[in-house]
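Peer 1: This is coords_28.txt (compact mmCIF, C-alpha atoms).
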# COMPACT_ATOMS: atom_id res chain seq x y z
CA MET G 2 -23.66 19.97 16.18
CA PRO G 3 -26.70 17.71 16.80
CA HIS G 4 -26.08 14.00 17.12
CA LYS G 5 -27.10 11.70 14.30
CA GLU G 6 -26.82 7.97 14.11
CA GLY G 7 -24.19 6.54 11.78
CA SER G 8 -25.32 5.07 8.49
CA LEU G 9 -25.98 1.33 8.44
CA GLU G 10 -25.50 1.14 4.67
CA ALA G 11 -22.27 0.01 3.02
CA PRO G 12 -19.77 2.84 2.53
CA THR G 13 -19.62 4.35 -0.92
CA ARG G 14 -17.21 6.86 -2.39
CA HIS G 15 -17.87 9.79 -4.67
CA PRO G 16 -15.64 10.28 -7.73
CA LEU G 17 -12.76 12.65 -7.08
CA ASP G 18 -13.54 16.02 -8.68
CA TRP G 19 -9.85 16.74 -9.16
CA GLN G 20 -10.11 18.48 -12.55
CA SER G 21 -12.45 21.26 -11.41
CA ASP G 22 -11.30 24.74 -10.41
CA ALA G 23 -13.27 24.49 -7.16
CA PHE G 24 -11.18 21.50 -6.08
CA TYR G 25 -8.11 23.78 -5.85
CA ASP G 26 -9.86 26.76 -4.23
CA GLN G 27 -8.10 27.29 -0.89
CA ALA G 28 -11.02 29.11 0.75
CA LYS G 29 -13.45 26.35 -0.18
CA LEU G 30 -10.97 23.74 1.06
CA ASP G 31 -10.61 25.55 4.40
CA ASP G 32 -14.38 25.62 4.80
CA GLU G 33 -14.62 21.88 4.17
CA LEU G 34 -11.68 21.15 6.47
CA ALA G 35 -13.39 23.10 9.25
CA ARG G 36 -16.68 21.25 8.67
CA VAL G 37 -15.10 17.78 8.72
CA PHE G 38 -12.69 18.60 11.55
CA ASP G 39 -15.68 19.69 13.65
CA ILE G 40 -17.32 16.31 13.10
CA CYS G 41 -14.11 14.42 13.84
CA ALA G 42 -13.41 16.43 17.01
CA GLY G 43 -16.84 15.55 18.33
CA CYS G 44 -16.41 11.84 17.59
CA ARG G 45 -12.72 10.91 18.13
CA ARG G 46 -13.15 7.23 17.20
CA CYS G 47 -10.04 7.41 15.01
CA VAL G 48 -7.63 8.72 17.66
CA SER G 49 -5.54 5.53 17.67
CA LEU G 50 -5.16 5.09 13.91
CA CYS G 51 -2.38 7.50 13.00
CA GLY G 52 -0.89 10.87 13.88
CA ALA G 53 -3.41 12.97 11.95
CA PHE G 54 -6.23 12.67 14.46
CA PRO G 55 -4.20 13.32 17.62
CA ALA G 56 -2.71 16.35 15.83
CA LEU G 57 -6.23 17.61 15.09
CA PHE G 58 -7.55 16.98 18.58
CA ASP G 59 -4.53 18.69 20.14
CA LEU G 60 -5.18 21.79 18.01
CA VAL G 61 -8.80 21.85 19.17
CA ASP G 62 -8.03 21.18 22.83
CA GLU G 63 -5.40 23.93 22.92
CA THR G 64 -7.98 26.61 22.07
CA ASP G 65 -9.71 28.51 24.87
CA THR G 66 -13.13 27.24 23.79
CA GLY G 67 -12.23 23.70 22.72
CA GLU G 68 -13.95 24.37 19.40
CA VAL G 69 -12.69 23.87 15.83
CA HIS G 70 -13.77 27.37 14.77
CA ASP G 71 -11.10 28.81 17.05
CA VAL G 72 -8.27 26.79 15.49
CA ASP G 73 -6.01 28.89 13.29
CA LYS G 74 -6.55 27.70 9.71
CA ALA G 75 -2.82 28.09 9.13
CA SER G 76 -2.38 25.11 11.47
CA TYR G 77 -4.52 22.76 9.38
CA GLY G 78 -1.40 21.64 7.54
CA LYS G 79 -0.16 19.93 10.70
CA VAL G 80 -3.06 17.49 10.31
CA VAL G 81 -2.65 17.08 6.55
CA ASP G 82 1.07 16.28 6.87
CA GLN G 83 0.33 13.38 9.23
CA CYS G 84 -2.11 11.68 6.83
CA TYR G 85 -0.57 9.05 4.55
CA LEU G 86 -3.83 8.02 2.85
CA CYS G 87 -4.12 4.52 4.30
CA ASP G 88 -7.94 4.88 4.09
CA LEU G 89 -8.51 2.94 7.32
CA CYS G 90 -10.49 5.74 8.94
CA TYR G 91 -12.87 5.71 5.98
CA MET G 92 -13.20 1.94 5.64
CA THR G 93 -13.07 0.71 9.23
CA LYS G 94 -13.90 3.48 11.71
CA CYS G 95 -15.94 6.42 10.50
CA PRO G 96 -19.74 6.15 10.90
CA TYR G 97 -20.32 9.30 8.84
CA VAL G 98 -19.02 8.26 5.41
CA PRO G 99 -21.35 8.42 2.40
CA PRO G 100 -24.23 7.67 2.10
CA HIS G 101 -24.53 9.30 5.54
CA PRO G 102 -25.71 12.90 5.00
CA TRP G 103 -22.63 14.30 6.75
CA ASN G 104 -20.61 12.93 3.82
CA VAL G 105 -17.22 12.60 5.53
CA ASP G 106 -14.34 11.32 3.39
CA PHE G 107 -11.32 12.26 5.48
CA PRO G 108 -8.64 10.66 3.24
CA HIS G 109 -9.90 12.31 0.06
CA LEU G 110 -10.13 15.64 1.88
CA MET G 111 -6.50 15.25 2.91
CA LEU G 112 -5.66 14.32 -0.69
CA ARG G 113 -7.33 17.51 -1.88
CA ALA G 114 -5.22 19.55 0.56
CA LYS G 115 -2.07 17.76 -0.60
CA ALA G 116 -2.99 18.43 -4.23
CA ILE G 117 -3.28 22.15 -3.54
CA HIS G 118 0.04 22.13 -1.72
CA TYR G 119 1.64 20.32 -4.65
CA ARG G 120 0.15 22.69 -7.22
CA ASN G 121 1.46 25.64 -5.16
CA GLY G 122 4.97 24.15 -5.15
CA GLU G 123 4.88 23.36 -1.43
CA VAL G 124 6.65 20.00 -1.83
CA GLN G 125 10.23 19.20 -0.85
CA LEU G 126 12.80 17.91 -3.34
CA ARG G 127 13.02 14.73 -1.25
CA ASP G 128 9.35 14.00 -1.76
CA ARG G 129 9.60 14.53 -5.52
CA VAL G 130 12.59 12.17 -5.66
CA LEU G 131 11.10 9.43 -3.50
CA SER G 132 7.82 9.43 -5.43
CA ASN G 133 9.52 9.06 -8.82
CA THR G 134 9.99 5.30 -8.60
CA ASP G 135 10.34 4.79 -12.35
CA ALA G 136 13.27 7.19 -12.62
CA LEU G 137 14.94 5.79 -9.51
CA GLY G 138 14.53 2.21 -10.72
CA HIS G 139 15.81 2.81 -14.23
CA LEU G 140 18.76 4.84 -12.95
CA ALA G 141 19.63 2.09 -10.49
CA GLY G 142 19.53 -0.41 -13.38
CA ILE G 143 23.00 0.86 -14.31
CA PRO G 144 25.37 -1.55 -12.49
CA VAL G 145 27.74 1.08 -11.09
CA VAL G 146 24.78 3.14 -9.86
CA THR G 147 23.21 0.09 -8.22
CA GLN G 148 26.45 -0.68 -6.39
CA THR G 149 26.83 2.93 -5.28
CA VAL G 150 23.23 3.31 -4.07
CA ASN G 151 23.35 0.01 -2.17
CA ALA G 152 26.66 0.98 -0.59
CA VAL G 153 25.28 4.36 0.49
CA ASN G 154 22.20 2.71 2.01
CA GLY G 155 24.43 0.52 4.16
CA THR G 156 26.89 3.18 5.31
CA LYS G 157 26.15 5.09 8.51
CA ALA G 158 28.17 8.13 7.48
CA MET G 159 26.43 8.43 4.12
CA ARG G 160 23.04 7.86 5.70
CA GLY G 161 23.82 10.84 7.90
CA VAL G 162 24.53 12.90 4.80
CA MET G 163 21.26 11.73 3.23
CA GLU G 164 19.41 12.80 6.36
CA ASP G 165 20.98 16.26 6.30
CA VAL G 166 20.55 16.82 2.56
CA LEU G 167 17.32 14.99 1.69
CA GLY G 168 15.62 14.53 5.05
CA VAL G 169 15.66 10.72 4.82
CA ASP G 170 15.95 9.42 8.38
CA ARG G 171 19.29 7.72 8.98
CA HIS G 172 17.65 4.97 11.05
CA ALA G 173 14.89 4.06 8.59
CA TRP G 174 15.21 0.90 6.52
CA LEU G 175 15.71 1.61 2.81
CA PRO G 176 15.39 -0.97 0.02
CA SER G 177 18.40 -2.06 -1.98
CA PHE G 178 18.27 -2.24 -5.75
CA ALA G 179 18.51 -5.60 -7.49
CA THR G 180 21.40 -6.27 -9.84
CA ARG G 181 18.96 -7.67 -12.41
CA LYS G 182 15.39 -6.48 -12.88
CA PHE G 183 12.52 -8.93 -12.60
CA ARG G 184 11.08 -8.18 -16.02
CA SER G 185 14.36 -8.91 -17.79
CA ALA G 186 14.96 -12.17 -15.88
CA ALA G 187 11.43 -13.61 -15.74
CA ARG G 188 10.89 -17.09 -17.14
CA LYS G 189 8.43 -17.71 -19.93
CA ALA G 190 5.23 -19.57 -19.11
CA THR G 191 5.50 -23.34 -19.50
CA SER G 192 1.80 -24.16 -19.57
CA SER G 193 -0.48 -23.54 -22.53
CA ASP G 194 -3.69 -25.08 -21.16
CA VAL G 195 -6.31 -22.59 -20.05
CA HIS G 196 -8.65 -23.78 -17.30
CA ASP G 197 -11.28 -21.15 -16.66
CA GLY G 198 -13.14 -21.44 -13.37
CA GLU G 199 -16.53 -20.17 -12.39
CA ARG G 200 -14.94 -17.20 -10.64
CA THR G 201 -11.49 -16.85 -12.14
CA PRO G 202 -9.99 -16.45 -15.61
CA GLY G 203 -7.61 -19.24 -16.51
CA LYS G 204 -4.78 -17.05 -17.73
CA VAL G 205 -2.83 -14.29 -16.04
CA ALA G 206 -1.05 -11.10 -17.09
CA ILE G 207 1.59 -9.99 -14.58
CA TYR G 208 2.02 -6.31 -13.72
CA ALA G 209 5.45 -6.46 -12.12
CA THR G 210 5.25 -3.26 -9.96
CA CYS G 211 8.24 -0.97 -9.42
CA TYR G 212 9.21 -2.60 -6.14
CA VAL G 213 9.28 -6.17 -7.44
CA ASN G 214 10.92 -5.15 -10.69
CA PHE G 215 13.68 -2.99 -9.24
CA ASN G 216 14.12 -4.02 -5.60
CA GLU G 217 13.01 -7.57 -4.76
CA PRO G 218 12.56 -9.56 -7.98
CA GLY G 219 12.49 -12.81 -6.02
CA ILE G 220 8.88 -12.08 -5.06
CA GLY G 221 7.96 -11.96 -8.73
CA HIS G 222 9.81 -15.19 -9.47
CA ASP G 223 7.95 -16.85 -6.60
CA LEU G 224 4.65 -15.77 -8.15
CA LEU G 225 5.65 -17.22 -11.52
CA ALA G 226 6.70 -20.50 -9.89
CA LEU G 227 3.29 -20.76 -8.21
CA LEU G 228 1.51 -20.14 -11.50
CA ASP G 229 3.69 -22.75 -13.21
CA HIS G 230 3.00 -25.30 -10.49
CA ASN G 231 -0.74 -24.78 -10.86
CA ALA G 232 -0.60 -24.93 -14.68
CA ILE G 233 -1.86 -21.38 -15.04
CA PRO G 234 -0.46 -19.77 -18.21
CA TYR G 235 0.88 -16.26 -17.79
CA VAL G 236 2.49 -13.39 -19.64
CA LEU G 237 4.18 -10.25 -18.43
CA VAL G 238 2.37 -7.16 -19.67
CA LYS G 239 4.35 -5.87 -22.64
CA SER G 240 5.21 -2.57 -20.95
CA GLU G 241 4.49 -0.80 -17.69
CA ALA G 242 5.16 2.34 -15.70
CA CYS G 243 4.58 3.12 -12.02
CA CYS G 244 0.96 2.73 -10.95
CA GLY G 245 1.00 6.29 -9.61
CA MET G 246 0.41 5.58 -5.93
CA PRO G 247 3.60 7.36 -4.74
CA LEU G 248 2.52 10.39 -6.77
CA LEU G 249 -1.00 10.23 -5.37
CA GLU G 250 0.38 10.28 -1.84
CA GLN G 251 2.19 13.54 -2.65
CA GLY G 252 -0.91 15.12 -4.19
CA ASN G 253 0.61 15.08 -7.68
CA LEU G 254 -2.63 14.25 -9.48
CA GLU G 255 -1.41 15.45 -12.86
CA GLY G 256 1.49 13.03 -12.47
CA VAL G 257 -0.96 10.24 -11.70
CA ALA G 258 -2.89 11.10 -14.86
CA LYS G 259 0.29 10.82 -16.94
CA LYS G 260 0.98 7.34 -15.55
CA GLN G 261 -2.64 6.38 -16.17
CA ALA G 262 -2.34 7.45 -19.80
CA VAL G 263 0.71 5.19 -20.23
CA ASN G 264 -0.53 2.11 -18.39
CA LEU G 265 -4.25 1.86 -19.01
CA PRO G 266 -4.29 1.23 -22.78
CA VAL G 267 -1.78 -1.60 -22.29
CA LEU G 268 -3.54 -3.18 -19.32
CA ALA G 269 -7.00 -2.78 -20.87
CA HIS G 270 -5.88 -4.89 -23.83
CA TYR G 271 -5.19 -7.83 -21.51
CA ALA G 272 -8.38 -7.25 -19.56
CA ARG G 273 -10.47 -7.41 -22.73
CA GLU G 274 -8.60 -10.52 -23.84
CA GLY G 275 -9.83 -12.31 -20.70
CA TYR G 276 -6.67 -12.19 -18.59
CA ALA G 277 -6.66 -11.79 -14.84
CA LEU G 278 -4.27 -8.94 -14.02
CA LEU G 279 -2.06 -9.64 -10.99
CA GLY G 280 0.34 -7.42 -9.07
CA ALA G 281 2.23 -8.48 -5.96
CA VAL G 282 2.08 -5.09 -4.17
CA PRO G 283 -1.23 -4.21 -2.46
CA SER G 284 -0.87 -0.48 -3.10
CA CYS G 285 -0.60 -1.06 -6.84
CA VAL G 286 -3.64 -3.36 -6.84
CA LEU G 287 -5.60 -0.77 -4.84
CA MET G 288 -4.60 1.93 -7.29
CA TYR G 289 -6.02 0.07 -10.28
CA LYS G 290 -9.05 -1.41 -8.54
CA HIS G 291 -10.25 1.65 -6.63
CA GLU G 292 -8.25 4.87 -6.80
CA LEU G 293 -7.97 5.32 -10.57
CA PRO G 294 -11.68 4.55 -11.13
CA LEU G 295 -12.48 7.35 -8.68
CA MET G 296 -10.24 9.73 -10.62
CA PHE G 297 -11.46 8.61 -14.05
CA PRO G 298 -15.01 7.33 -13.48
CA ASP G 299 -16.07 7.65 -17.11
CA ASP G 300 -13.02 6.02 -18.71
CA ALA G 301 -13.85 2.63 -20.22
CA ASP G 302 -10.25 1.34 -20.08
CA THR G 303 -9.99 2.22 -16.39
CA ARG G 304 -13.20 0.35 -15.61
CA ALA G 305 -12.10 -2.70 -17.61
CA VAL G 306 -8.76 -2.84 -15.80
CA SER G 307 -10.41 -2.37 -12.42
CA ASP G 308 -12.71 -5.32 -13.07
CA ALA G 309 -9.82 -7.53 -14.18
CA PHE G 310 -7.31 -6.72 -11.42
CA TRP G 311 -6.75 -9.24 -8.61
CA ASP G 312 -4.63 -9.50 -5.51
CA PRO G 313 -2.59 -12.71 -6.04
CA PHE G 314 -4.05 -14.50 -3.00
CA GLU G 315 -7.55 -13.33 -3.87
CA TYR G 316 -6.97 -15.03 -7.24
CA PHE G 317 -5.53 -18.23 -5.77
CA VAL G 318 -8.33 -18.58 -3.22
CA ALA G 319 -10.92 -18.17 -5.98
CA ARG G 320 -9.10 -20.83 -8.02
CA ASN G 321 -9.23 -23.11 -5.01
CA ARG G 322 -12.98 -22.58 -4.69
CA ASP G 323 -13.28 -23.51 -8.35
CA GLY G 324 -11.38 -26.75 -7.59
CA LEU G 325 -8.46 -25.70 -9.80
CA LEU G 326 -5.70 -25.01 -7.27
CA LYS G 327 -3.29 -27.73 -6.23
CA THR G 328 -2.99 -28.40 -2.52
CA ASP G 329 -0.07 -30.85 -2.67
CA PHE G 330 1.83 -29.04 0.06
CA ARG G 331 5.03 -30.74 1.17
CA THR G 332 6.55 -28.43 3.76
CA PRO G 333 4.83 -27.16 6.94
CA LEU G 334 5.35 -23.49 7.72
CA GLY G 335 5.00 -23.71 11.51
CA ASN G 336 3.88 -20.52 13.23
CA VAL G 337 3.43 -17.59 10.87
CA SER G 338 2.74 -14.08 12.15
CA TYR G 339 0.97 -12.46 9.23
CA HIS G 340 0.29 -8.74 8.91
CA VAL G 341 -2.61 -7.52 6.74
CA PRO G 342 -1.45 -4.28 5.07
CA CYS G 343 -3.77 -1.27 5.14
CA HIS G 344 -4.00 -1.16 1.34
CA ALA G 345 -5.07 -4.81 1.33
CA ARG G 346 -7.66 -4.31 4.09
CA VAL G 347 -9.39 -1.45 2.31
CA GLN G 348 -9.91 -3.57 -0.81
CA ASN G 349 -12.61 -5.46 1.12
CA ILE G 350 -11.45 -8.87 -0.08
CA GLY G 351 -11.14 -10.45 3.36
CA ARG G 352 -8.17 -12.36 4.74
CA LYS G 353 -7.38 -14.26 1.56
CA THR G 354 -3.66 -14.64 2.25
CA ALA G 355 -4.25 -16.07 5.73
CA ASP G 356 -7.01 -18.34 4.38
CA LEU G 357 -4.70 -19.92 1.83
CA LEU G 358 -1.63 -20.24 4.04
CA SER G 359 -3.84 -21.91 6.65
CA LEU G 360 -4.47 -24.77 4.21
CA VAL G 361 -0.84 -25.84 4.61
CA PRO G 362 -0.62 -28.75 7.10
CA GLU G 363 1.06 -28.08 10.45
CA THR G 364 0.80 -24.34 9.90
CA LYS G 365 -0.73 -21.81 12.28
CA VAL G 366 -1.32 -18.31 10.97
CA THR G 367 -1.69 -15.50 13.50
CA VAL G 368 -3.31 -12.51 11.81
CA VAL G 369 -2.48 -8.94 12.81
CA GLU G 370 -4.77 -6.26 11.40
CA ARG G 371 -3.35 -2.88 12.28
CA CYS G 372 -1.28 -0.26 10.49
CA SER G 373 2.45 -0.97 10.55
CA GLY G 374 3.24 2.74 10.35
CA HIS G 375 5.46 2.52 7.27
CA ALA G 376 2.92 4.00 4.86
CA GLY G 377 4.89 4.33 1.63
CA THR G 378 7.50 7.05 2.01
CA PHE G 379 6.08 8.38 5.30
CA GLY G 380 8.15 6.05 7.47
CA VAL G 381 11.51 6.99 5.95
CA LYS G 382 11.17 10.76 6.37
CA LYS G 383 13.20 12.37 9.14
CA GLU G 384 10.24 14.28 10.58
CA PHE G 385 7.94 11.23 10.62
CA HIS G 386 10.10 8.13 11.17
CA ALA G 387 9.78 8.22 14.97
CA MET G 388 6.00 8.60 14.61
CA SER G 389 5.91 5.69 12.18
CA MET G 390 7.67 3.48 14.70
CA LYS G 391 5.26 4.60 17.42
CA ILE G 392 2.26 3.79 15.21
CA GLY G 393 3.75 0.38 14.45
CA MET G 394 4.63 -0.56 18.03
CA PRO G 395 1.38 -2.51 18.71
CA VAL G 396 2.00 -4.46 15.49
CA PHE G 397 5.60 -5.23 16.44
CA LYS G 398 4.46 -6.59 19.79
CA GLN G 399 1.56 -8.63 18.37
CA MET G 400 3.74 -10.15 15.66
CA ALA G 401 6.27 -11.27 18.29
CA GLN G 402 3.75 -12.74 20.75
CA ALA G 403 3.09 -15.85 18.68
CA ALA G 404 6.78 -16.88 18.80
CA PRO G 405 6.69 -17.12 15.00
CA ASP G 406 8.87 -19.17 12.72
CA PHE G 407 8.21 -16.55 10.04
CA ILE G 408 6.84 -13.04 9.91
CA SER G 409 5.08 -11.99 6.74
CA SER G 410 3.09 -9.21 5.07
CA ASP G 411 1.73 -8.82 1.55
CA CYS G 412 3.38 -5.39 1.58
CA GLN G 413 7.10 -6.12 1.72
CA LEU G 414 7.83 -2.52 2.74
CA ALA G 415 5.56 -2.96 5.75
CA GLY G 416 7.21 -6.30 6.41
CA ARG G 417 10.67 -4.74 6.43
CA HIS G 418 9.43 -1.99 8.73
CA ILE G 419 7.93 -4.57 11.09
CA ALA G 420 11.13 -6.62 11.11
CA GLN G 421 13.09 -3.49 12.03
CA GLY G 422 10.61 -2.58 14.73
CA MET G 423 10.65 -6.07 16.24
CA GLU G 424 14.44 -6.05 16.37
CA GLU G 425 14.54 -2.59 17.96
CA ASN G 426 11.85 -3.60 20.45
CA LYS G 427 13.75 -6.74 21.41
CA PRO G 428 17.36 -6.20 20.36
CA GLY G 429 20.20 -8.61 20.70
CA THR G 430 18.34 -11.88 20.08
CA ALA G 431 20.72 -14.72 19.39
CA ASP G 432 19.31 -15.60 15.97
CA GLY G 433 18.38 -12.08 14.90
CA GLY G 434 14.65 -12.74 15.24
CA PRO G 435 12.25 -14.67 13.00
CA PRO G 436 12.92 -14.34 9.27
CA LEU G 437 10.74 -12.17 7.08
CA ALA G 438 9.24 -13.93 4.07
CA HIS G 439 6.66 -12.62 1.64
CA PRO G 440 3.45 -14.74 1.59
CA LEU G 441 4.17 -15.77 -2.02
CA THR G 442 7.59 -16.98 -0.87
CA LEU G 443 5.97 -18.93 1.97
CA LEU G 444 3.44 -20.53 -0.38
CA ARG G 445 6.20 -21.59 -2.74
CA ARG G 446 8.11 -23.05 0.21
CA ALA G 447 5.00 -24.98 1.26
CA TYR G 448 4.70 -26.49 -2.21
CA GLY G 449 8.39 -27.40 -2.15
CA ILE G 450 9.04 -25.92 -5.60
So, in terms of structure tokens, how does the structure I just supplied come out?
Peer 2:
Amino acid sequence: MPHKEGSLEAPTRHPLDWQSDAFYDQAKLDDELARVFDICAGCRRCVSLCGAFPALFDLVDETDTGEVHDVDKASYGKVVDQCYLCDLCYMTKCPYVPPHPWNVDFPHLMLRAKAIHYRNGEVQLRDRVLSNTDALGHLAGIPVVTQTVNAVNGTKAMRGVMEDVLGVDRHAWLPSFATRKFRSAARKATSSDVHDGERTPGKVAIYATCYVNFNEPGIGHDLLALLDHNAIPYVLVKSEACCGMPLLEQGNLEGVAKKQAVNLPVLAHYAREGYALLGAVPSCVLMYKHELPLMFPDDADTRAVSDAFWDPFEYFVARNRDGLLKTDFRTPLGNVSYHVPCHARVQNIGRKTADLLSLVPETKVTVVERCSGHAGTFGVKKEFHAMSMKIGMPVFKQMAQAAPDFISSDCQLAGRHIAQGMEENKPGTADGGPPLAHPLTLLRRAYGI
């Protein structure tokens, strides 16, 4: 294939043609996989990102000719299985993304392959269970179920059973379920004054997210405390379902569409009423800002919600630029090792979390921008957990080098994975290692509220 220079224009993405018959045509998919794999095998810039590219390059190098056309198409699934749709290859590495004429969108090609696998029933029961966060969360809302699930998660013998039956790695960290959901315990807003800035709406609607609602509600309460302290009125959206990201990662696009049909009319109401929509999980924010608009490019509600959705620190930094954020910090944070999650990086909003935490006096923020390896459900699966720890090893080491007082990530799942990796990389520390705290928790600590 002749060499061409990479495009110097900003990357752009084509809408996902997921409702067409051609999208699910296996022969057409194989042709496109072969075309893109040929480009990737001749470039190899992405070899260090994840397991998908080494798997591809190994397949090519094991042929007699070293050419993609001699790779057995039946082996393509080995590459697809290793992709967890972090989008980093597209956003940070590949010189051949649109508008380059080679038109390489590796993550969406992997998504197409996953969608065909899902439609053909080639998905394990484990993956269907783990991606159904709404059902898991509501089931765990029953007190006796919550106690049982949490007990199983903490019992080595039962984790062994889970590994044998469901394929959930016995060594992987799993979240516990909260005894009281965030949405049912959230305080009402105490401020009624709306201060609109040049860049930011002066009122907020909170999309709780499954993880905050069911697993770590304290993160949501920290967000509400920060809004209260800055006299920003807020409401919780009147109803919500999963954003659909876990379903997207499995290729269940029809399932994503069902979640979209439930959530978008509700969220669009707040968007059109002038609210900023906030969610404390980067994957959920990415879903509403970027992924759903690519699936539903002509839907007015989807566009309205996309325009209104903010990462919490993106919102707070914009409020600060408008002169409307309090900076009366009382408590230094010391050394903070902060990890930028993949799904925050690909939103192209910059290092907003690090920018704001750096305003706290006597606080040094060391930023680590590399995939942690957790990647949604990827890191808990038996066949991929060891790979996820290998991918995360450079992050574990970088986070530890700064001798931090806290480690932190906007993605609490990534944060938990990093904490586990740091402990396994340097076991037996007297104090158990630096504590993990979500950035919203750290900001609340800095305010002393």
Peer 1: Which stretch 171-214 of chain G residues have any atom within 12 Å of an atom of stretch 388-397 of chain G, and for each, what is the nearest pair of atoms with distance in Å to one decimal, counting all atoms listed in the file, rows sorted by chain and number, as a tab-separated table?
Peer 2:
residue	atom	partner	partner_atom	distance
G:His172	CA	G:Met390	CA	10.7
G:Ala173	CA	G:Met390	CA	9.5
G:Trp174	CA	G:Met390	CA	11.4
Peer 1: Hey, can you check how far atom CA of G:Val153 sits from atom CA of G:Cys372?
Peer 2: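 Computing the Euclidean distance for atom CA of G:Val153 and atom CA of G:Cys372 yields 28.8 Å.
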Peer 1: As a list of chain:residue names, please: the residues near G:Ser338 (cut-off 7 Å, only C-alpha atoms, same-chain neighbours under 3 positions excluded).
Peer 2: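 Counting only C-alpha atoms, the residues come to G:Val366, G:Thr367, G:Val368, G:Met400, G:Ala403, G:Pro405, G:Phe407, G:Ile408, G:Ser409.
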Peer 1: Please provide as a count of residues only all residues within 12 Å of stretch 230-236 of chain G, with the sequence filter that same-chain residues fewer than 6 positions apart are discarded (counting all atoms listed in the file).
Peer 2: 48
Peer 1: Could you tell me how far atom CA of G:Ala262 lies from atom CA of G:Asp18, in Å and to one decimal?
Peer 2: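 Separation of atom CA of G:Ala262 and atom CA of G:Asp18: 18.0 Å.
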Peer 1: Taking all atoms listed in the file into account, name the residue in G:Phe178, G:Val37, G:Ala438, G:Cys211 that is nearest to G:Gly416.
Peer 2: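 For G:Gly416, the nearest of the candidates is G:Ala438.
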Peer 1: Do you have the atom CA of G:Val105-atom CA of G:Ala35 distance handy?
Peer 2: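 According to the coordinates, atom CA of G:Val105 and atom CA of G:Ala35 are separated by 11.8 Å.
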Peer 1: Of the residues G:Val257, G:Ala305, G:Ala186, G:Val318, which is the one nearest to G:Arg200, using only C-alpha atoms?
Peer 2: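 Nearest to G:Arg200: G:Val318.
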Peer 1: Considering only C-alpha atoms, return as a ChimeraX atom specification whatever protein or nucleic-acid residues lie within 12 Å of G:Thr354, sequence-local ones (same chain, fewer than 3 positions apart) excluded.
Peer 2: /G:281,283,312-319,337-342,345-346,350-351,357-361,366-368,409-412,439-444
Peer 1: Between G:Arg371, G:Val213, G:Leu110, G:Pro436, which has the minimum distance to G:Trp19 (counting only C-alpha atoms)?
Peer 2: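 Smallest distance to G:Trp19 is found for G:Leu110.
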Peer 1: Point out the residue among G:Leu86, G:Leu228, G:Ala420, G:Ala28 with the least atom-to-atom distance to G:Met288, counting only C-alpha atoms.
Peer 2: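 Going through G:Leu86, G:Leu228, G:Ala420, G:Ala28 one by one, the smallest distance to G:Met288 is for G:Leu86.
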Peer 1: Please determine, counting all atoms listed in the file, which residue among G:Lys290, G:Arg160, G:Lys115, G:Arg127 has the shortest atom-to-atom distance to G:Asp302.
Peer 2: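 Of the candidates, the smallest distance to G:Asp302 is held by G:Lys290.
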Peer 1: Ranking G:Cys44, G:Ile117, G:Leu295, G:Val98 by minimum distance to G:Glu10 and counting only C-alpha atoms, which one comes first?
Peer 2: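 Nearest candidate to G:Glu10 out of G:Cys44, G:Ile117, G:Leu295, G:Val98: G:Val98.
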Peer 1: Could you give me, as a VMD selection string, the residues within 12 Å of G:Phe24, counting all atoms listed in the file and dropping anything in the same chain fewer than 2 positions from it?
Peer 2: chain G and resid 17 to 22 26 to 31 33 109 to 117 120 254
Peer 1: Go ahead and find all residues with at least one atom no further than 8 Å from (-7.3, -3.3, -10.0) in the file's coordinates, using only C-alpha atoms; report them as an NGL selection string.
Peer 2: :G and (278 or 285-291 or 306-311)
Peer 1: Fewer than 5 positions away in the same chain doesn't count, so skip those; otherwise give me all residues within 7 Å of G:Lys182, counting only C-alpha atoms, as a VMD selection string.
Peer 2: chain G and resid 214 to 215 218
Peer 1: At a cut-off of 9 Å, can you tabulate as a tab-separated table every residue of stretch 3-72 of chain G near stretch 88-93 of chain G together with its closest atom pair and the distance in Å to one decimal, using all atoms listed in the file and ordering rows by chain then number?
Peer 2:
residue	atom	partner	partner_atom	distance
G:Pro12	CA	G:Met92	CA	7.3
G:Arg46	CA	G:Cys90	CA	8.8
G:Cys47	CA	G:Cys90	CA	6.3
G:Leu50	CA	G:Cys90	CA	7.3
Peer 1: Just give me the residues with any atom within 10 Å of (18.1, 11.5, 7.9), file coordinates, counting all atoms listed in the file, written as a compact mmCIF listing (two decimals) with C-alpha atoms, keeping the file's coordinate frame.
Peer 2:
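New file part_21.txt:
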# COMPACT_ATOMS: atom_id res chain seq x y z
CA MET G 159 26.43 8.43 4.12
CA ARG G 160 23.04 7.86 5.70
CA GLY G 161 23.82 10.84 7.90
CA VAL G 162 24.53 12.90 4.80
CA MET G 163 21.26 11.73 3.23
CA GLU G 164 19.41 12.80 6.36
CA ASP G 165 20.98 16.26 6.30
CA VAL G 166 20.55 16.82 2.56
CA LEU G 167 17.32 14.99 1.69
CA GLY G 168 15.62 14.53 5.05
CA VAL G 169 15.66 10.72 4.82
CA ASP G 170 15.95 9.42 8.38
CA ARG G 171 19.29 7.72 8.98
CA HIS G 172 17.65 4.97 11.05
CA ALA G 173 14.89 4.06 8.59
CA VAL G 381 11.51 6.99 5.95
CA LYS G 382 11.17 10.76 6.37
CA LYS G 383 13.20 12.37 9.14
CA GLU G 384 10.24 14.28 10.58
CA HIS G 386 10.10 8.13 11.17
